[in-house]
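First the structure, in the form of structure tokens, and then the observations on it.
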Amino acid sequence: MTGIDIGSDAFNDHTFIARRHAYEAANVSPPLAWSGVPDDAAELVLLCEDPDAPSGTFVHWIVVGIDPHSGGVGAGQSPPRGTALVNGYGERGWGGPHPPPGDDAHHYVFRLYALAEPCVLPDAPRAEQVHEAVDRARIADGTLVGLYRR
């Protein structure tokens with residue numbers, strides 16, 4: 001399996017995400033750029049999850065059907081041709097970091113998957129459902145981790 005390079009102008013891998021991207025602030029999704037998507041990818045799926053959430057892994061952003069020929073997404077935008085599903089807040093689209101005050105920094109894991117066939121998910125999937133669905137058709141992936149604490 002090949003790797004996708006994914007990064008952001010807003011933060012580097014394993015560094016802190018700016019407050020403007022947080023749920024209690026402007027709640028603007030960060031810009032992302034990617035490369036190395038295989039030519040035979042049918043679609044991309046973007047997942048941002050917080051595995052450190054007290055109630056279990058929390059979904060902050062899930063977008064399916066992203067154009068595999070796209071190279072990223074701007075701040076506050078939806079990925080090209082993508083369909084945003086319902087996040088853990090019960091809202092469609094991006095829902096920024098919002099860890100409990102005083103917790104150690106939480107890890108916000110942005111995963112981009114290239115799939116050989118379209119992904120079928122419920123409208124408000126749990127993180128485990130996303131992993132199970134993409135594992136069946138994944139031909140490449142990439143990961144970027146941001147940190148946030150209040």
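So you can find residues: chains in the structure tokens are A, B, ... in the order shown, residues in each start at 1, and ligands are numbered from 1 in order.
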Surrounding residues of region 58-63 of chain A excluding itself and chain neighbours under 4 positions, 9 Å, only C-alpha atoms, as a PyMOL selection string: chain A and resi 29+44-54+78-79+82-89+92-97+108+110+124-127+130
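Those residues that approach Gly71 (chain A) to within 8 Å, counting only C-alpha atoms, are Ala33, Trp34 and Ser35 of chain A; same-chain residues fewer than 4 positions away are not listed.
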Distance in Å - CA of Ala42 (chain A) versus CA of Glu91 (chain A): 26.4 Å
Surrounding residues of Ile6 (chain A) excluding itself and chain neighbours under 2 positions, 9 Å, only C-alpha atoms, as a list in words: Ile4, Ser8, Leu32, Ala33, Trp34, Ser35, Gly36, Gly72, Phe110, Arg111, Leu112, Gly142, Thr143 and Leu144 of chain A
Every residue of region 56-101 of chain A that DSSP places in strand (DSSP E), as a ChimeraX atom specification: /A:58-66,72-73,83-84
Close residues, Tyr148 (chain A) itself excluded, 12 Å, only C-alpha atoms, min 4 positions apart in chain, as an MDAnalysis selection string: chainID A and resid 11 14:23 50 52:53 96:109
CA of Ala114 (chain A) to CA of His69 (chain A), straight-line distance in Å: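 Rounded to one decimal, the two atoms are 10.6 Å apart.
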Residues of region 16-141 of chain A in alpha helix (DSSP H), written as a VMD selection string: chain A and resid 127 to 137
Could you write those residues out with N, CA, C and O atoms, as a PDB file, in the first residue's frame?
ATOM      1  N   ALA A 127     -16.410   6.461  14.546  1.00  0.00           N
ATOM      2  CA  ALA A 127     -15.060   6.286  14.001  1.00  0.00           C
ATOM      3  C   ALA A 127     -14.809   4.830  13.598  1.00  0.00           C
ATOM      4  O   ALA A 127     -14.218   4.560  12.548  1.00  0.00           O
ATOM      5  N   GLU A 128     -15.277   3.893  14.414  1.00  0.00           N
ATOM      6  CA  GLU A 128     -15.059   2.469  14.122  1.00  0.00           C
ATOM      7  C   GLU A 128     -15.736   2.062  12.816  1.00  0.00           C
ATOM      8  O   GLU A 128     -15.210   1.248  12.064  1.00  0.00           O
ATOM      9  N   GLN A 129     -16.914   2.634  12.549  1.00  0.00           N
ATOM     10  CA  GLN A 129     -17.621   2.318  11.301  1.00  0.00           C
ATOM     11  C   GLN A 129     -16.842   2.836  10.093  1.00  0.00           C
ATOM     12  O   GLN A 129     -16.804   2.179   9.059  1.00  0.00           O
ATOM     13  N   VAL A 130     -16.230   4.008  10.240  1.00  0.00           N
ATOM     14  CA  VAL A 130     -15.435   4.564   9.142  1.00  0.00           C
ATOM     15  C   VAL A 130     -14.229   3.666   8.878  1.00  0.00           C
ATOM     16  O   VAL A 130     -13.966   3.279   7.734  1.00  0.00           O
ATOM     17  N   HIS A 131     -13.513   3.298   9.939  1.00  0.00           N
ATOM     18  CA  HIS A 131     -12.336   2.443   9.767  1.00  0.00           C
ATOM     19  C   HIS A 131     -12.705   1.116   9.103  1.00  0.00           C
ATOM     20  O   HIS A 131     -12.010   0.652   8.199  1.00  0.00           O
ATOM     21  N   GLU A 132     -13.792   0.522   9.543  1.00  0.00           N
ATOM     22  CA  GLU A 132     -14.224  -0.751   8.973  1.00  0.00           C
ATOM     23  C   GLU A 132     -14.562  -0.607   7.489  1.00  0.00           C
ATOM     24  O   GLU A 132     -14.178  -1.439   6.670  1.00  0.00           O
ATOM     25  N   ALA A 133     -15.265   0.457   7.130  1.00  0.00           N
ATOM     26  CA  ALA A 133     -15.669   0.666   5.740  1.00  0.00           C
ATOM     27  C   ALA A 133     -14.472   0.940   4.828  1.00  0.00           C
ATOM     28  O   ALA A 133     -14.399   0.403   3.725  1.00  0.00           O
ATOM     29  N   VAL A 134     -13.545   1.772   5.267  1.00  0.00           N
ATOM     30  CA  VAL A 134     -12.415   2.115   4.392  1.00  0.00           C
ATOM     31  C   VAL A 134     -11.391   0.991   4.316  1.00  0.00           C
ATOM     32  O   VAL A 134     -10.712   0.859   3.303  1.00  0.00           O
ATOM     33  N   ASP A 135     -11.299   0.170   5.355  1.00  0.00           N
ATOM     34  CA  ASP A 135     -10.324  -0.924   5.323  1.00  0.00           C
ATOM     35  C   ASP A 135     -10.597  -1.902   4.189  1.00  0.00           C
ATOM     36  O   ASP A 135      -9.674  -2.526   3.672  1.00  0.00           O
ATOM     37  N   ARG A 136     -11.849  -2.017   3.782  1.00  0.00           N
ATOM     38  CA  ARG A 136     -12.212  -2.948   2.702  1.00  0.00           C
ATOM     39  C   ARG A 136     -11.731  -2.477   1.329  1.00  0.00           C
ATOM     40  O   ARG A 136     -11.486  -3.298   0.455  1.00  0.00           O
ATOM     41  N   ALA A 137     -11.635  -1.165   1.124  1.00  0.00           N
ATOM     42  CA  ALA A 137     -11.341  -0.645  -0.219  1.00  0.00           C
ATOM     43  C   ALA A 137     -10.115   0.266  -0.262  1.00  0.00           C
ATOM     44  O   ALA A 137      -9.809   0.838  -1.301  1.00  0.00           O
TER      45      ALA A 137
END
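Considering the residues A:Leu115, A:Leu121, A:Val145, A:Val28 and counting only C-alpha atoms, Asp40 (chain A) has its shortest atom-to-atom contact with A:Leu115.
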Interatomic distance (Å, one decimal) between CA of Pro122 (chain A) and CA of Arg138 (chain A):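 About the pair CA of Pro122 (chain A) and CA of Arg138 (chain A): they are 18.1 Å apart.
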